[in-house]
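Have a look at the structure below, then the notes.
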Amino acid sequence: MDITESQARVAEAMRDLVHRTTDFDPLELLHDLTAHVAELLPVAGAGVTVLDEMRRVEYATASDERCGHLEQVQIDLNEGPCLEATRTGVALAVTSLTGPPALRWPRFAGHARRVGISAVAAVPLRSPALTIGALNLMRDQDSDAAPNGPQMRIAQALADAAASCFGHRQEARDQAVMIEQLTIALDSRLVIEQAKGVMSERLNVSVDEAFQRLRQHARARQQKLTALAADVAQGTIPTELAPN
């Protein structure tokens, strides 16, 4: 059987998501998930919500600022595809945010349309033990493309690959470790948001560009993204992150 370039890229993304050390950075893993999905599938971007230690849905990360904003909007409004997929553990097919389908999440749909998102889909982020969150997929209003059935299966497989790093058995000890890892991810997001703001202001670049520089710098040096962000948030910006 001939292997296509897209199939090879999916396989490489799977390897990247599961090939983690035991002390992996949980938030970096979730961001890598959104980055792979945004690159491999016909979507405008992707975001992730997770359950905190109180089983509340919280925004974790996104492929870009627009998607991140819409993930937070869902939390604030208590409605939207990521919340639904997280709470039910069931995937949501591509759903239009215009016309009658928009009545499913009327307030969220209005916010999404105002920033150019016309349709959404979601798959649960599930470990072998339980559902720990959801992956949200967004379609731009200027695009006719949307994930089809096989592509939604790829999104689910990528989400499962990432979630598998959080736990492997249905034992109380493993679930406690999983909850701790998700808490670390949520705490790390605050540090990274601070670092993005510092870099954006100091280097006069967009917030999205600031984050991409942080991520590339950490990866190139095999440094944890959260550790680098903590230094930047304190005002220590590596010279390599400055504009060319």
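In the structure tokens, the first chain shown is A, the next is B, and so on; residue numbers restart at 1 for each chain, and ligands run from 1 in the order shown.
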
(message) For stretch 30-34 of chain A, find every residue with an atom within 6 Å (counting only C-alpha atoms), except residues of its own chain fewer than 4 positions away, and show them as a PyMOL selection string.
(response) chain A and resi 46+61+63

Next, the residues of the selection above should be written as a PDB file, in the first residue's frame with N, CA and C atoms.
ATOM      1  N   ALA A  46      -7.750  25.359  16.797  1.00  0.00           N
ATOM      2  CA  ALA A  46      -8.236  24.358  17.747  1.00  0.00           C
ATOM      3  C   ALA A  46      -7.940  24.810  19.168  1.00  0.00           C
ATOM      4  N   THR A  61      -5.681  25.604  26.648  1.00  0.00           N
ATOM      5  CA  THR A  61      -4.809  26.197  25.638  1.00  0.00           C
ATOM      6  C   THR A  61      -5.500  26.186  24.278  1.00  0.00           C
ATOM      7  N   SER A  63      -4.599  26.932  19.700  1.00  0.00           N
ATOM      8  CA  SER A  63      -3.590  27.105  18.663  1.00  0.00           C
ATOM      9  C   SER A  63      -3.298  28.566  18.370  1.00  0.00           C
TER      10      SER A  63
END

(request) Fewer than 2 positions away in the same chain doesn't count, so skip those; otherwise give me all residues within 9 Å of A:Leu41, counting only C-alpha atoms, as a VMD selection string. (result) chain A and resid 36 to 39 43 to 44 146 to 147 151 to 152 154 to 155

Mind dumping the selected residues with all heavy atoms as an mmCIF file, in the first residue's frame?
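Generated file (result.cif):
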data_model
loop_
_atom_site.group_PDB
_atom_site.id
_atom_site.type_symbol
_atom_site.label_atom_id
_atom_site.label_comp_id
_atom_site.auth_asym_id
_atom_site.auth_seq_id
_atom_site.Cartn_x
_atom_site.Cartn_y
_atom_site.Cartn_z
ATOM 1 N N HIS A 36 -0.841 20.440 16.055
ATOM 2 C CA HIS A 36 -0.906 19.365 15.058
ATOM 3 C C HIS A 36 -2.263 19.353 14.350
ATOM 4 O O HIS A 36 -2.335 19.191 13.130
ATOM 5 C CB HIS A 36 -0.661 18.010 15.724
ATOM 6 C CG HIS A 36 0.770 17.752 16.060
ATOM 7 N ND1 HIS A 36 1.788 17.897 15.138
ATOM 8 C CD2 HIS A 36 1.361 17.346 17.223
ATOM 9 C CE1 HIS A 36 2.945 17.590 15.716
ATOM 10 N NE2 HIS A 36 2.713 17.265 16.972
ATOM 11 N N VAL A 37 -3.328 19.520 15.118
ATOM 12 C CA VAL A 37 -4.668 19.510 14.526
ATOM 13 C C VAL A 37 -4.830 20.666 13.546
ATOM 14 O O VAL A 37 -5.358 20.500 12.438
ATOM 15 C CB VAL A 37 -5.739 19.571 15.637
ATOM 16 C CG1 VAL A 37 -7.110 19.862 15.044
ATOM 17 C CG2 VAL A 37 -5.768 18.262 16.410
ATOM 18 N N ALA A 38 -4.370 21.854 13.937
ATOM 19 C CA ALA A 38 -4.487 23.020 13.066
ATOM 20 C C ALA A 38 -3.677 22.849 11.783
ATOM 21 O O ALA A 38 -4.048 23.367 10.726
ATOM 22 C CB ALA A 38 -4.039 24.279 13.813
ATOM 23 N N GLU A 39 -2.587 22.115 11.876
ATOM 24 C CA GLU A 39 -1.727 21.904 10.705
ATOM 25 C C GLU A 39 -2.262 20.798 9.791
ATOM 26 O O GLU A 39 -2.174 20.904 8.566
ATOM 27 C CB GLU A 39 -0.314 21.537 11.157
ATOM 28 C CG GLU A 39 0.649 21.277 10.010
ATOM 29 C CD GLU A 39 2.027 20.825 10.483
ATOM 30 O OE1 GLU A 39 2.262 20.787 11.700
ATOM 31 O OE2 GLU A 39 2.856 20.505 9.616
ATOM 32 N N VAL A 43 -9.093 23.202 9.404
ATOM 33 C CA VAL A 43 -9.717 24.005 10.455
ATOM 34 C C VAL A 43 -8.988 25.338 10.571
ATOM 35 O O VAL A 43 -7.823 25.464 10.185
ATOM 36 C CB VAL A 43 -9.698 23.276 11.817
ATOM 37 C CG1 VAL A 43 -10.515 21.996 11.759
ATOM 38 C CG2 VAL A 43 -8.267 22.975 12.261
ATOM 39 N N ALA A 44 -9.698 26.338 11.126
ATOM 40 C CA ALA A 44 -9.072 27.639 11.349
ATOM 41 C C ALA A 44 -8.222 27.634 12.606
ATOM 42 O O ALA A 44 -7.321 28.461 12.763
ATOM 43 C CB ALA A 44 -10.148 28.714 11.458
ATOM 44 N N ALA A 146 -14.309 21.812 5.856
ATOM 45 C CA ALA A 146 -14.572 21.423 7.239
ATOM 46 C C ALA A 146 -14.173 19.955 7.381
ATOM 47 O O ALA A 146 -14.193 19.207 6.390
ATOM 48 C CB ALA A 146 -16.036 21.616 7.591
ATOM 49 N N PRO A 147 -13.814 19.522 8.570
ATOM 50 C CA PRO A 147 -13.407 18.128 8.741
ATOM 51 C C PRO A 147 -14.525 17.159 8.361
ATOM 52 O O PRO A 147 -15.660 17.300 8.806
ATOM 53 C CB PRO A 147 -13.092 18.041 10.243
ATOM 54 C CG PRO A 147 -12.823 19.442 10.666
ATOM 55 C CD PRO A 147 -13.711 20.293 9.816
ATOM 56 N N GLN A 151 -11.515 12.620 8.788
ATOM 57 C CA GLN A 151 -10.696 13.645 9.441
ATOM 58 C C GLN A 151 -11.100 13.833 10.901
ATOM 59 O O GLN A 151 -10.251 14.098 11.753
ATOM 60 C CB GLN A 151 -10.799 14.955 8.670
ATOM 61 C CG GLN A 151 -10.073 14.899 7.332
ATOM 62 C CD GLN A 151 -10.450 16.041 6.409
ATOM 63 O OE1 GLN A 151 -11.518 16.650 6.519
ATOM 64 N NE2 GLN A 151 -9.567 16.359 5.466
ATOM 65 N N MET A 152 -12.386 13.676 11.208
ATOM 66 C CA MET A 152 -12.804 13.718 12.608
ATOM 67 C C MET A 152 -12.242 12.515 13.369
ATOM 68 O O MET A 152 -11.904 12.621 14.559
ATOM 69 C CB MET A 152 -14.328 13.733 12.700
ATOM 70 C CG MET A 152 -14.968 15.061 12.296
ATOM 71 S SD MET A 152 -14.506 16.430 13.403
ATOM 72 C CE MET A 152 -15.314 15.920 14.925
ATOM 73 N N ILE A 154 -9.348 11.228 12.721
ATOM 74 C CA ILE A 154 -7.959 11.611 12.978
ATOM 75 C C ILE A 154 -7.893 12.529 14.193
ATOM 76 O O ILE A 154 -7.027 12.368 15.068
ATOM 77 C CB ILE A 154 -7.348 12.290 11.744
ATOM 78 C CG1 ILE A 154 -7.135 11.273 10.622
ATOM 79 C CG2 ILE A 154 -6.016 12.969 12.096
ATOM 80 C CD1 ILE A 154 -6.674 11.880 9.314
ATOM 81 N N ALA A 155 -8.816 13.493 14.274
ATOM 82 C CA ALA A 155 -8.838 14.397 15.426
ATOM 83 C C ALA A 155 -9.026 13.613 16.713
ATOM 84 O O ALA A 155 -8.348 13.878 17.722
ATOM 85 C CB ALA A 155 -9.957 15.424 15.262
#

(request) Considering only C-alpha atoms, return as JSON, numbers by chain whatever protein or nucleic-acid residues lie within 8 Å of stretch 132-145 of chain A, sequence-local ones (same chain, fewer than 4 positions apart) excluded. (result) {"A": [34, 42, 43, 44, 45, 46, 47, 48, 49, 50, 51, 57, 67, 81, 82, 83, 85, 86, 87, 113, 116, 117, 118, 119, 120, 121, 122, 123, 124, 125, 126, 127, 159, 163]}

Those residues you just picked out, can you put them in a file as a compact mmCIF listing (two decimals), in the first residue's frame with N, CA and C atoms?
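Ended up saving to part16.txt:
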# COMPACT_ATOMS: atom_id res chain seq x y z
N THR A 34 -3.10 20.90 19.81
CA THR A 34 -3.83 21.90 19.00
C THR A 34 -3.03 22.30 17.77
N PRO A 42 -8.49 20.57 8.01
CA PRO A 42 -9.02 21.81 7.43
C PRO A 42 -9.81 22.62 8.46
N VAL A 43 -9.09 23.20 9.40
CA VAL A 43 -9.72 24.01 10.46
C VAL A 43 -8.99 25.34 10.57
N ALA A 44 -9.70 26.34 11.13
CA ALA A 44 -9.07 27.64 11.35
C ALA A 44 -8.22 27.63 12.61
N GLY A 45 -8.50 26.70 13.51
CA GLY A 45 -7.75 26.59 14.75
C GLY A 45 -8.39 25.58 15.66
N ALA A 46 -7.75 25.36 16.80
CA ALA A 46 -8.24 24.36 17.75
C ALA A 46 -7.94 24.81 19.17
N GLY A 47 -8.76 24.35 20.10
CA GLY A 47 -8.56 24.68 21.50
C GLY A 47 -8.87 23.48 22.38
N VAL A 48 -8.42 23.55 23.63
CA VAL A 48 -8.62 22.45 24.56
C VAL A 48 -9.20 22.97 25.87
N THR A 49 -10.22 22.29 26.37
CA THR A 49 -10.69 22.50 27.73
C THR A 49 -10.42 21.22 28.52
N VAL A 50 -10.22 21.36 29.83
CA VAL A 50 -9.97 20.21 30.69
C VAL A 50 -10.78 20.35 31.97
N LEU A 51 -10.89 19.27 32.70
CA LEU A 51 -11.56 19.27 33.99
C LEU A 51 -10.55 19.53 35.10
N VAL A 57 -15.14 22.50 34.20
CA VAL A 57 -14.49 22.66 32.89
C VAL A 57 -13.72 23.97 32.88
N CYS A 67 -8.90 31.47 18.88
CA CYS A 67 -9.49 30.24 19.43
C CYS A 67 -9.44 30.25 20.95
N PRO A 81 -19.46 23.87 22.39
CA PRO A 81 -19.12 22.50 22.01
C PRO A 81 -18.11 21.83 22.91
N CYS A 82 -17.09 22.59 23.36
CA CYS A 82 -16.07 21.96 24.20
C CYS A 82 -16.65 21.57 25.55
N LEU A 83 -17.51 22.42 26.12
CA LEU A 83 -18.13 22.06 27.39
C LEU A 83 -19.00 20.83 27.24
N ALA A 85 -18.81 18.40 24.92
CA ALA A 85 -18.02 17.18 24.70
C ALA A 85 -17.29 16.75 25.96
N THR A 86 -16.84 17.71 26.76
CA THR A 86 -16.17 17.38 28.01
C THR A 86 -17.12 16.70 28.98
N ARG A 87 -18.31 17.25 29.09
CA ARG A 87 -19.27 16.74 30.08
C ARG A 87 -19.91 15.42 29.66
N ARG A 113 -19.37 34.09 15.66
CA ARG A 113 -19.60 34.73 14.36
C ARG A 113 -18.93 36.10 14.30
N GLY A 116 -15.46 35.75 13.23
CA GLY A 116 -15.22 35.08 11.96
C GLY A 116 -15.27 33.57 11.98
N ILE A 117 -15.81 32.96 13.02
CA ILE A 117 -15.92 31.50 13.08
C ILE A 117 -17.36 31.10 12.76
N SER A 118 -17.53 30.22 11.77
CA SER A 118 -18.88 29.90 11.28
C SER A 118 -19.35 28.50 11.63
N ALA A 119 -18.45 27.63 12.09
CA ALA A 119 -18.84 26.27 12.44
C ALA A 119 -17.82 25.70 13.43
N VAL A 120 -18.28 24.72 14.20
CA VAL A 120 -17.41 24.11 15.22
C VAL A 120 -17.65 22.61 15.26
N ALA A 121 -16.69 21.91 15.82
CA ALA A 121 -16.83 20.48 16.11
C ALA A 121 -15.99 20.21 17.36
N ALA A 122 -16.19 19.07 17.97
CA ALA A 122 -15.41 18.75 19.17
C ALA A 122 -15.31 17.24 19.34
N VAL A 123 -14.19 16.81 19.91
CA VAL A 123 -14.02 15.40 20.28
C VAL A 123 -13.55 15.36 21.73
N PRO A 124 -13.96 14.35 22.49
CA PRO A 124 -13.53 14.26 23.89
C PRO A 124 -12.05 13.96 24.00
N LEU A 125 -11.45 14.50 25.03
CA LEU A 125 -10.06 14.20 25.38
C LEU A 125 -10.16 13.15 26.47
N ARG A 126 -9.89 11.91 26.12
CA ARG A 126 -10.19 10.81 27.03
C ARG A 126 -8.98 9.92 27.24
N SER A 127 -8.66 9.69 28.47
CA SER A 127 -7.62 8.73 28.82
C SER A 127 -8.27 7.36 28.93
N ALA A 159 -6.36 13.26 19.80
CA ALA A 159 -6.78 13.59 21.17
C ALA A 159 -6.54 12.41 22.10
N ALA A 163 -4.15 12.32 25.40
CA ALA A 163 -4.75 12.00 26.69
C ALA A 163 -4.13 10.76 27.32

Any idea what's packed within 8 Å of stretch 181-198 of chain A, counting only C-alpha atoms, ignoring anything in its chain fewer than 6 positions away? Could you give it as a short mmCIF file (atom, residue, chain, number, x, y, z; two decimals) with N, CA and C atoms, in the first residue's frame?
data_model
loop_
_atom_site.label_atom_id
_atom_site.label_comp_id
_atom_site.auth_asym_id
_atom_site.auth_seq_id
_atom_site.Cartn_x
_atom_site.Cartn_y
_atom_site.Cartn_z
N ASP A 25 5.76 18.23 30.29
CA ASP A 25 5.02 19.45 30.61
C ASP A 25 3.59 19.27 30.09
N PRO A 26 2.59 19.14 30.98
CA PRO A 26 1.21 18.87 30.52
C PRO A 26 0.66 19.92 29.58
N LEU A 27 0.91 21.20 29.85
CA LEU A 27 0.35 22.23 28.99
C LEU A 27 1.01 22.24 27.62
N VAL A 50 -10.22 21.36 29.83
CA VAL A 50 -9.97 20.21 30.69
C VAL A 50 -10.78 20.35 31.97
N LEU A 51 -10.89 19.27 32.70
CA LEU A 51 -11.56 19.27 33.99
C LEU A 51 -10.55 19.53 35.10
N ASP A 52 -10.88 20.44 36.03
CA ASP A 52 -9.97 20.69 37.14
C ASP A 52 -10.26 19.71 38.27
N GLU A 53 -9.61 19.90 39.42
CA GLU A 53 -9.74 18.95 40.51
C GLU A 53 -11.15 18.89 41.09
N GLU A 58 -12.45 23.92 32.47
CA GLU A 58 -11.60 25.11 32.40
C GLU A 58 -10.88 25.15 31.06
N TYR A 59 -10.65 26.35 30.56
CA TYR A 59 -9.87 26.54 29.32
C TYR A 59 -8.40 26.26 29.61
N ALA A 60 -7.77 25.47 28.76
CA ALA A 60 -6.36 25.12 28.95
C ALA A 60 -5.45 25.82 27.94
N THR A 61 -5.68 25.60 26.65
CA THR A 61 -4.81 26.20 25.64
C THR A 61 -5.50 26.19 24.28
N PHE A 166 -1.74 10.99 30.20
CA PHE A 166 -2.18 11.40 31.52
C PHE A 166 -2.55 10.25 32.44
N VAL A 207 0.71 38.81 20.16
CA VAL A 207 0.71 37.79 21.21
C VAL A 207 0.92 36.41 20.60
N ALA A 210 4.55 36.09 19.83
CA ALA A 210 5.30 35.92 21.07
C ALA A 210 5.25 34.47 21.53
N PHE A 211 4.08 33.86 21.46
CA PHE A 211 3.97 32.47 21.90
C PHE A 211 4.73 31.52 20.99
N THR A 226 6.99 25.81 30.21
CA THR A 226 6.57 26.53 31.41
C THR A 226 7.75 27.15 32.14
N ALA A 229 8.77 30.19 30.21
CA ALA A 229 7.77 31.24 30.39
C ALA A 229 7.90 31.90 31.75
N ALA A 230 8.22 31.12 32.78
CA ALA A 230 8.39 31.68 34.12
C ALA A 230 9.53 32.69 34.15
N VAL A 232 10.66 34.44 31.54
CA VAL A 232 10.26 35.59 30.74
C VAL A 232 9.27 36.46 31.51
N ALA A 233 8.36 35.81 32.23
CA ALA A 233 7.37 36.55 33.00
C ALA A 233 8.04 37.42 34.08
N GLY A 235 10.82 38.88 33.53
CA GLY A 235 11.57 39.92 32.83
C GLY A 235 12.84 39.46 32.17
#

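Candidate residues A:Ala227, A:Leu29, A:Ala112, A:Ile3 were compared for distance to A:His69, and the nearest is A:Ala112, using only C-alpha atoms.
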
(request) Pick out each residue of stretch 1-224 of chain A that DSSP on the backbone tags as strand (DSSP E or B); I need them as number ranges by chain. (result) A: 45-51, 57-62, 92-96, 117-126, 131-140

Prev. selection, N, CA and C atoms, output as a short mmCIF file (atom, residue, chain, number, x, y, z; two decimals), in the first residue's frame:
data_model
loop_
_atom_site.label_atom_id
_atom_site.label_comp_id
_atom_site.auth_asym_id
_atom_site.auth_seq_id
_atom_site.Cartn_x
_atom_site.Cartn_y
_atom_site.Cartn_z
N GLY A 45 -8.50 26.70 13.51
CA GLY A 45 -7.75 26.59 14.75
C GLY A 45 -8.39 25.58 15.66
N ALA A 46 -7.75 25.36 16.80
CA ALA A 46 -8.24 24.36 17.75
C ALA A 46 -7.94 24.81 19.17
N GLY A 47 -8.76 24.35 20.10
CA GLY A 47 -8.56 24.68 21.50
C GLY A 47 -8.87 23.48 22.38
N VAL A 48 -8.42 23.55 23.63
CA VAL A 48 -8.62 22.45 24.56
C VAL A 48 -9.20 22.97 25.87
N THR A 49 -10.22 22.29 26.37
CA THR A 49 -10.69 22.50 27.73
C THR A 49 -10.42 21.22 28.52
N VAL A 50 -10.22 21.36 29.83
CA VAL A 50 -9.97 20.21 30.69
C VAL A 50 -10.78 20.35 31.97
N LEU A 51 -10.89 19.27 32.70
CA LEU A 51 -11.56 19.27 33.99
C LEU A 51 -10.55 19.53 35.10
N VAL A 57 -15.14 22.50 34.20
CA VAL A 57 -14.49 22.66 32.89
C VAL A 57 -13.72 23.97 32.88
N GLU A 58 -12.45 23.92 32.47
CA GLU A 58 -11.60 25.11 32.40
C GLU A 58 -10.88 25.15 31.06
N TYR A 59 -10.65 26.35 30.56
CA TYR A 59 -9.87 26.54 29.32
C TYR A 59 -8.40 26.26 29.61
N ALA A 60 -7.77 25.47 28.76
CA ALA A 60 -6.36 25.12 28.95
C ALA A 60 -5.45 25.82 27.94
N THR A 61 -5.68 25.60 26.65
CA THR A 61 -4.81 26.20 25.64
C THR A 61 -5.50 26.19 24.28
N ALA A 62 -4.88 26.86 23.31
CA ALA A 62 -5.43 26.93 21.96
C ALA A 62 -4.31 27.17 20.97
N LEU A 92 -18.81 15.68 18.87
CA LEU A 92 -19.81 16.50 18.21
C LEU A 92 -19.38 16.72 16.76
N ALA A 93 -20.24 16.35 15.83
CA ALA A 93 -19.93 16.56 14.41
C ALA A 93 -19.91 18.05 14.11
N VAL A 94 -19.39 18.40 12.94
CA VAL A 94 -19.33 19.80 12.53
C VAL A 94 -20.73 20.41 12.58
N THR A 95 -20.85 21.51 13.32
CA THR A 95 -22.14 22.16 13.54
C THR A 95 -22.05 23.62 13.14
N SER A 96 -22.96 24.05 12.28
CA SER A 96 -22.99 25.45 11.84
C SER A 96 -23.37 26.36 13.00
N ILE A 117 -15.81 32.96 13.02
CA ILE A 117 -15.92 31.50 13.08
C ILE A 117 -17.36 31.10 12.76
N SER A 118 -17.53 30.22 11.77
CA SER A 118 -18.88 29.90 11.28
C SER A 118 -19.35 28.50 11.63
N ALA A 119 -18.45 27.63 12.09
CA ALA A 119 -18.84 26.27 12.44
C ALA A 119 -17.82 25.70 13.43
N VAL A 120 -18.28 24.72 14.20
CA VAL A 120 -17.41 24.11 15.22
C VAL A 120 -17.65 22.61 15.26
N ALA A 121 -16.69 21.91 15.82
CA ALA A 121 -16.83 20.48 16.11
C ALA A 121 -15.99 20.21 17.36
N ALA A 122 -16.19 19.07 17.97
CA ALA A 122 -15.41 18.75 19.17
C ALA A 122 -15.31 17.24 19.34
N VAL A 123 -14.19 16.81 19.91
CA VAL A 123 -14.02 15.40 20.28
C VAL A 123 -13.55 15.36 21.73
N PRO A 124 -13.96 14.35 22.49
CA PRO A 124 -13.53 14.26 23.89
C PRO A 124 -12.05 13.96 24.00
N LEU A 125 -11.45 14.50 25.03
CA LEU A 125 -10.06 14.20 25.38
C LEU A 125 -10.16 13.15 26.47
N ARG A 126 -9.89 11.91 26.12
CA ARG A 126 -10.19 10.81 27.03
C ARG A 126 -8.98 9.92 27.24
N THR A 131 -12.88 10.58 30.77
CA THR A 131 -12.80 11.78 29.95
C THR A 131 -12.22 12.90 30.79
N ILE A 132 -11.18 13.56 30.27
CA ILE A 132 -10.52 14.61 31.04
C ILE A 132 -10.68 15.98 30.41
N GLY A 133 -11.33 16.05 29.25
CA GLY A 133 -11.50 17.34 28.59
C GLY A 133 -12.03 17.15 27.19
N ALA A 134 -11.79 18.15 26.34
CA ALA A 134 -12.25 18.07 24.95
C ALA A 134 -11.37 18.92 24.06
N LEU A 135 -11.33 18.53 22.80
CA LEU A 135 -10.61 19.25 21.76
C LEU A 135 -11.64 19.89 20.85
N ASN A 136 -11.57 21.20 20.70
CA ASN A 136 -12.53 21.96 19.91
C ASN A 136 -11.92 22.33 18.56
N LEU A 137 -12.67 22.15 17.48
CA LEU A 137 -12.22 22.47 16.13
C LEU A 137 -13.08 23.60 15.58
N MET A 138 -12.48 24.59 14.94
CA MET A 138 -13.22 25.75 14.46
C MET A 138 -12.98 25.99 12.98
N ARG A 139 -14.07 26.35 12.28
CA ARG A 139 -13.99 26.65 10.85
C ARG A 139 -14.17 28.14 10.62
N ASP A 140 -13.30 28.71 9.80
CA ASP A 140 -13.38 30.12 9.47
C ASP A 140 -14.53 30.38 8.51
#
